[in-house]
Structures are given as structure tokens and as C-alpha cells.
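K.L.:
Pasting run-v3.txt below, which is compact mmCIF, C-alpha atoms and all ligand atoms.
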```txt
# COMPACT_ATOMS: atom_id res chain seq x y z
CA MET A 206 87.35 7.59 123.83
CA LYS A 207 85.54 9.46 126.55
CA THR A 208 86.06 12.74 124.72
CA ASN A 209 84.80 11.26 121.50
CA LYS A 210 81.61 10.06 123.12
CA PHE A 211 81.11 13.43 124.76
CA PHE A 212 81.67 15.16 121.45
CA LEU A 213 79.20 12.83 119.81
CA LEU A 214 76.65 13.62 122.48
CA VAL A 215 77.15 17.36 122.03
CA ALA A 216 76.91 17.00 118.30
CA THR A 217 73.69 15.04 118.65
CA VAL A 218 72.21 17.65 120.97
CA MET A 219 73.17 20.38 118.53
CA VAL A 220 71.53 18.57 115.66
CA CYS A 221 68.38 18.22 117.74
CA VAL A 222 68.44 21.89 118.66
CA SER A 223 68.78 22.98 115.07
CA SER A 224 66.02 20.68 113.88
CA ALA A 225 63.89 22.05 116.69
CA PHE A 226 64.51 25.53 115.28
CA ILE A 227 63.76 24.39 111.77
CA SER A 228 60.53 22.69 112.72
CA CYS A 229 59.57 25.74 114.76
CA ASN A 230 60.03 27.94 111.69
CA ASN A 231 58.15 25.43 109.58
CA ASP A 232 55.25 25.52 112.01
CA ASP A 233 55.03 29.28 111.64
CA ASP A 234 55.19 29.01 107.87
CA ASN A 235 52.58 26.28 107.89
CA LYS A 236 50.34 28.38 110.08
CA ASN A 237 50.49 31.37 107.73
CA ASN A 238 50.19 29.08 104.80
CA SER A 239 47.15 27.25 106.15
CA LYS A 240 45.49 30.55 107.11
CA GLU A 241 45.92 31.67 103.51
CA LEU A 242 44.63 28.32 102.23
CA GLY A 243 41.68 28.55 104.62
CA ASP A 244 40.82 32.08 103.46
CA LYS A 245 41.05 31.01 99.84
CA ALA A 246 38.93 27.89 100.34
CA VAL A 247 36.17 29.83 102.13
CA GLU A 248 36.26 32.60 99.51
CA THR A 249 35.96 30.04 96.72
CA LEU A 250 32.88 28.48 98.35
CA ARG A 251 31.35 31.91 99.02
CA THR A 252 31.67 32.65 95.30
CA ARG A 253 29.76 29.48 94.52
CA LEU A 254 27.06 29.76 97.17
CA LEU A 255 26.42 33.42 97.95
CA ASP A 256 25.58 36.54 96.00
CA GLU A 257 27.16 40.01 96.39
CA ASN A 258 25.06 40.66 99.51
CA GLY A 259 26.03 37.39 101.16
CA ASN A 260 22.66 35.77 100.49
CA VAL A 261 22.39 32.13 99.46
CA VAL A 262 21.93 31.97 95.68
CA PHE A 263 19.48 29.05 95.68
CA GLY A 264 16.30 30.96 96.48
CA GLU A 265 14.08 30.00 99.42
CA PRO A 266 14.75 26.74 101.27
CA ILE A 267 11.98 24.12 101.39
CA ASN A 268 11.71 22.71 104.93
CA GLY A 269 15.15 24.09 105.60
CA VAL A 270 16.68 22.49 102.54
CA TYR A 271 17.82 24.34 99.46
CA GLU A 272 17.27 22.72 96.12
CA MET A 273 19.17 23.08 92.91
CA ALA A 274 17.88 21.41 89.77
CA LEU A 275 20.12 20.15 87.03
CA GLU A 276 19.47 18.37 83.78
CA ASN A 277 21.56 15.28 84.37
CA GLU A 278 23.80 13.40 86.76
CA ALA A 279 27.01 14.49 85.00
CA ASP A 280 26.19 18.15 85.66
CA ALA A 281 25.30 17.32 89.26
CA LYS A 282 28.62 15.57 89.74
CA GLU A 283 30.52 18.48 88.22
CA VAL A 284 28.87 20.93 90.59
CA VAL A 285 29.52 18.75 93.64
CA ALA A 286 33.14 18.31 92.54
CA GLN A 287 33.48 22.08 92.87
CA TYR A 288 31.96 22.09 96.36
CA VAL A 289 34.38 19.44 97.60
CA ASN A 290 37.32 21.00 95.78
CA ASN A 291 38.14 17.82 93.91
CA GLU A 292 38.24 17.86 90.12
CA LYS A 293 38.43 14.05 90.14
CA TYR A 294 35.43 13.60 92.42
CA ASN A 295 34.06 10.08 91.83
CA GLY A 296 30.43 10.65 92.85
CA GLU A 297 30.62 8.74 96.15
CA ALA A 298 29.81 10.00 99.65
CA THR A 299 32.68 12.12 100.90
CA THR A 300 33.73 14.83 103.33
CA TYR A 301 35.86 17.80 102.37
CA ASN A 302 37.65 19.26 105.38
CA LEU A 303 38.66 22.82 104.65
CA PRO A 304 42.21 23.94 105.47
CA ASP A 305 42.85 25.79 108.75
CA GLU A 306 39.86 24.14 110.45
CA ARG A 307 37.36 26.33 108.61
CA GLY A 308 34.77 23.58 108.61
CA LYS A 309 33.60 20.90 106.24
CA VAL A 310 31.41 19.99 103.33
CA ARG A 311 29.72 16.61 103.57
CA VAL A 312 28.25 14.91 100.51
CA GLU A 313 25.78 12.01 100.58
CA LYS A 314 24.23 10.27 97.63
CA GLY A 315 20.59 11.15 97.13
CA ALA A 316 18.23 9.24 99.41
CA GLU A 317 15.57 8.80 96.75
CA GLU A 318 15.01 8.76 93.00
CA GLY A 319 15.47 12.21 91.50
CA ILE A 320 17.87 13.44 94.17
CA TYR A 321 21.44 13.20 92.94
CA TYR A 322 23.24 14.47 96.02
CA SER A 323 22.66 15.99 99.41
CA VAL A 324 25.38 18.43 100.39
CA GLU A 325 25.79 19.77 103.89
CA PHE A 326 27.84 22.94 104.38
CA ASN A 327 29.29 23.65 107.80
CA VAL A 328 31.82 26.31 107.00
CA LYS A 329 32.87 29.39 108.95
CA GLY A 330 31.80 32.50 107.03
CA ILE A 331 28.97 30.75 105.18
CA PRO A 332 25.46 30.09 106.51
CA SER A 333 25.19 26.42 107.55
CA MET A 334 22.88 24.73 105.11
CA THR A 335 21.86 21.61 103.27
CA LEU A 336 21.60 21.69 99.52
CA GLN A 337 19.91 18.98 97.52
CA VAL A 338 21.08 18.63 93.97
CA VAL A 339 18.06 17.21 92.19
CA ASP A 340 16.84 16.32 88.74
CA LEU A 341 14.75 18.95 86.96
CA ASN A 342 11.74 16.63 87.04
CA TYR A 343 12.02 16.14 90.77
CA MET A 344 10.96 19.69 91.45
CA GLU A 345 7.25 20.29 91.64
CA GLY A 346 5.25 22.95 89.83
CA GLU A 347 6.83 25.89 91.62
CA ASN A 348 9.40 27.79 89.72
CA LYS A 349 12.44 26.36 91.46
CA TYR A 350 14.64 26.00 88.46
CA TYR A 351 18.06 27.56 88.77
CA PRO A 352 19.85 27.00 85.54
CA PHE A 353 23.54 27.34 85.36
CA THR A 354 25.37 29.63 83.03
CA THR A 355 28.70 28.62 81.56
CA TYR A 356 31.49 31.15 81.64
CA THR A 357 35.01 31.26 80.35
CA CYS A 358 37.63 33.15 82.33
CA ASN A 359 39.60 35.65 80.27
CA SER A 360 42.36 35.52 82.82
CA CYS A 361 43.08 31.78 83.31
CA THR A 362 41.03 30.57 80.28
CA LYS A 363 39.21 27.89 82.30
CA THR A 364 35.53 27.21 81.73
CA PHE A 365 33.12 26.82 84.63
CA LYS A 366 29.43 26.94 85.52
CA LEU A 367 27.72 29.17 88.05
CA PRO A 368 24.12 29.56 89.15
CA ASN A 369 22.66 32.56 87.33
CA MET A 370 22.38 34.57 90.51
CA ALA A 371 25.94 33.97 91.70
CA VAL A 372 28.67 36.57 91.50
CA LYS A 373 30.20 36.35 88.06
CA LYS A 374 33.65 35.49 89.18
CA CYS A 375 36.07 32.78 88.08
CA THR A 376 35.90 29.84 90.49
CA PHE A 377 39.52 28.96 89.72
CA CYS A 378 41.47 32.23 89.89
CA GLY A 379 38.89 34.68 91.27
CA SER A 380 39.06 37.03 88.27
CA THR A 381 35.86 38.93 87.43
CA ASP A 382 36.99 39.21 83.82
CA VAL A 383 34.75 36.40 82.61
CA LYS A 384 32.57 35.99 79.56
CA LYS A 385 29.32 34.17 79.15
CA GLU A 386 29.24 31.15 76.83
CA ASN A 387 26.19 30.20 74.81
ZN ZN B 401 40.19 32.31 86.01
```
Let me see the structure of the file written as C-alpha cells.
P.N.:
Amino acid sequence: MKTNKFFLLVATVMVCVSSAFISCNNDDDNKNNSKELGDKAVETLRTRLLDENGNVVFGEPINGVYEMALENEADAKEVVAQYVNNEKYNGEATTYNLPDERGKVRVEKGAEEGIYYSVEFNVKGIPSMTLQVVDLNYMEGENKYYPFTTYTCNSCTKTFKLPNMAVKKCTFCGSTDVKKEN
């Protein structure tokens, strides 16, 4: 009996040791994995927010806030869905925490009529900024209209929209083999 109990104890310790090894390996894998995911998430946002020179694609900020005008709420929601990396984005206030602690994207509903969303970017590798997604009519006189162009990716065949000034690069697979839709 004594031996059996001892054996059981040893066996238990061994199981613990091996799971310790396994979880250790998993941690390493997760770390590499999340670094990759973090890189990819930041790169995806850079494609959507910055041009080839790393400048914000939305022109000059007004009182520190960038504005992007869209024709309707559906378009606004589609664009925000891209920023928060959620194809099923429901239009409510939300926070997207990037993998590997690269920062976050916070979305609030517009505070007044004509503002669809207010999006705050605090992401490593991207200038911190607030972007208001507004209705075309909300913008005053000044030429602050940044229409989107629709592209189809020749590589993954998905269709997506980008601000005209953005790098023409697929927001899904990163391919630059994209064609403009009319
Ligand atoms: Zn693609």
C-alpha cells in the first residue's frame, strides 16, 4: 500500500512536470504568435490610416480632430468595422484591444447630429489621433471631402473601400494587386 501511494505521488509529480513543460512551450508559441498577430494588426491599421510616407490620410485635423465624410450611416459603420477588426460590428460603442498589447481603438457614437462615430486611435506605430466619421452635410464649406474608392483584390477576391489617398493595398491579405471598381 505504501509503495502504491508513493508511486501515485511520483506519477502525479511527473504529470505536473510534463504539463509544466508543455505550458512553457505553449507560452513561447503564444508569445511568437501574438507578436505576429500584433505586427499584422498594426500593419492593417497603418494601411487604412497612413499613406506611403506615414502621414495620416485624412488631411489636416480641425482642432486636433480629423474628419472623414461619408454619404450614409451604412458606409460609416463599414469603415468603423474595419478599424475595430470586426466584420460583424453592430454600431455600438466599443473598444478593440490589439494583440500583443499594441494599443487600442475606441469607438463612441457621435455626440451630435451629423457625426456618426468618434474613433480614438492609441496604437503603437501610428500617430495617436481622433477621427470623426461624419455625414457629408456636416462638413462646412471647406473642401474636406474624402471620398472612398472601392477596390477588388485580385489575390483574395475580396472587395473593400479605402480613402483615395491611402496606399492601394488589400486590407484583408495585404496584396497590392488590386483593381479599382467603378
Ligand atoms: Zn486580398
K.L.:
As a quick test: using all atoms listed in the file, which residues lie no more than 8 Å away from ligand ZN 401 (chain B)? Give them as a PDB file with C-alpha atoms, in the frame of the given file.
P.N.:
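Once written, pocket.pdb looks like this:
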```pdb
ATOM      1  CA  THR A 357      35.010  31.260  80.350  1.00  0.00           C
ATOM      2  CA  CYS A 358      37.630  33.150  82.330  1.00  0.00           C
ATOM      3  CA  ASN A 359      39.600  35.650  80.270  1.00  0.00           C
ATOM      4  CA  SER A 360      42.360  35.520  82.820  1.00  0.00           C
ATOM      5  CA  CYS A 361      43.080  31.780  83.310  1.00  0.00           C
ATOM      6  CA  THR A 362      41.030  30.570  80.280  1.00  0.00           C
ATOM      7  CA  LYS A 363      39.210  27.890  82.300  1.00  0.00           C
ATOM      8  CA  LYS A 374      33.650  35.490  89.180  1.00  0.00           C
ATOM      9  CA  CYS A 375      36.070  32.780  88.080  1.00  0.00           C
ATOM     10  CA  THR A 376      35.900  29.840  90.490  1.00  0.00           C
ATOM     11  CA  PHE A 377      39.520  28.960  89.720  1.00  0.00           C
ATOM     12  CA  CYS A 378      41.470  32.230  89.890  1.00  0.00           C
ATOM     13  CA  GLY A 379      38.890  34.680  91.270  1.00  0.00           C
ATOM     14  CA  SER A 380      39.060  37.030  88.270  1.00  0.00           C
ATOM     15  CA  ASP A 382      36.990  39.210  83.820  1.00  0.00           C
ATOM     16  CA  VAL A 383      34.750  36.400  82.610  1.00  0.00           C
TER      17      VAL A 383
END
```
K.L.:
For Ala286 in chain A, work out the shell of residues within 12 Å, counting all atoms listed in the file and skipping chain neighbours fewer than 4 positions away, then give it as a ChimeraX atom specification.
P.N.:
/A:250,253,279-282,290-301,310-312,322,324,365-366
K.L.:
Any idea what's packed within 9 Å of Ile331 in chain A, counting all atoms listed in the file, ignoring anything in its chain fewer than 4 positions away? Could you give it as JSON, numbers by chain?
P.N.:
{"A": [247, 250, 251, 254, 255, 259, 261, 326, 327]}
K.L.:
Closest to Asp340 in chain A among A:Glu313, A:Glu318, A:Glu325, A:Asp244, using only C-alpha atoms?
P.N.:
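Result for the nearest residue to Asp340 in chain A: A:Glu318.
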K.L.:
Give me, please, the distance in Å between CA of Glu306 in chain A and CA of Gly243 in chain A, quoted to one decimal.
P.N.:
7.5 Å
K.L.:
Write out as a PDB file with C-alpha atoms, in the coordinates of the input the residues lying within 9 Å of Glu241 in chain A, counting all atoms listed in the file and excluding same-chain residues fewer than 5 positions away.
P.N.:
```pdb
ATOM      1  CA  LYS A 236      50.340  28.380 110.080  1.00  0.00           C
ATOM      2  CA  ALA A 246      38.930  27.890 100.340  1.00  0.00           C
ATOM      3  CA  PRO A 304      42.210  23.940 105.470  1.00  0.00           C
ATOM      4  CA  ASP A 305      42.850  25.790 108.750  1.00  0.00           C
TER       5      ASP A 305
END
```
K.L.:
For CA of Ser333 in chain A and CA of Lys309 in chain A, determine how far apart the two atoms are, in Å to one decimal place.
P.N.:
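Interatomic distance, CA of Ser333 in chain A to CA of Lys309 in chain A: 10.1 Å.
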K.L.:
Considering only C-alpha atoms, state which residue in the set A:Tyr356, A:Thr335, A:Val284, A:Lys240 is at the smallest distance from Thr381 in chain A.
P.N.:
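For Thr381 in chain A, the nearest of the given residues is A:Tyr356.
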K.L.:
Rounded to one decimal in Å, what is the spacing between CA of Thr355 in chain A and CA of Lys373 in chain A?
P.N.:
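Here the two named atoms are 10.2 Å from each other.
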K.L.:
For a quick check of understanding, using only C-alpha atoms, which of A:Arg307, A:Glu276, A:Thr364, A:Val289 has the smallest distance to Tyr321 in chain A?
P.N.:
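Ranking A:Arg307, A:Glu276, A:Thr364, A:Val289 by distance to Tyr321 in chain A, first place goes to A:Glu276.
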K.L.:
Within 8 Å of (18.4, 20.9, 103.0) in the file's own coordinates, which protein, DNA or RNA residues have an atom, counting all atoms listed in the file? List them as a PyMOL selection string.
P.N.:
chain A and resi 266-272+323-325+334-337
K.L.:
Calculated over all atoms listed in the file, which of the candidates A:Leu303, A:Val338, A:Leu242, A:Val262 has the smallest distance to Val372 in chain A?
P.N.:
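Ranking A:Leu303, A:Val338, A:Leu242, A:Val262 by distance to Val372 in chain A, first place goes to A:Val262.
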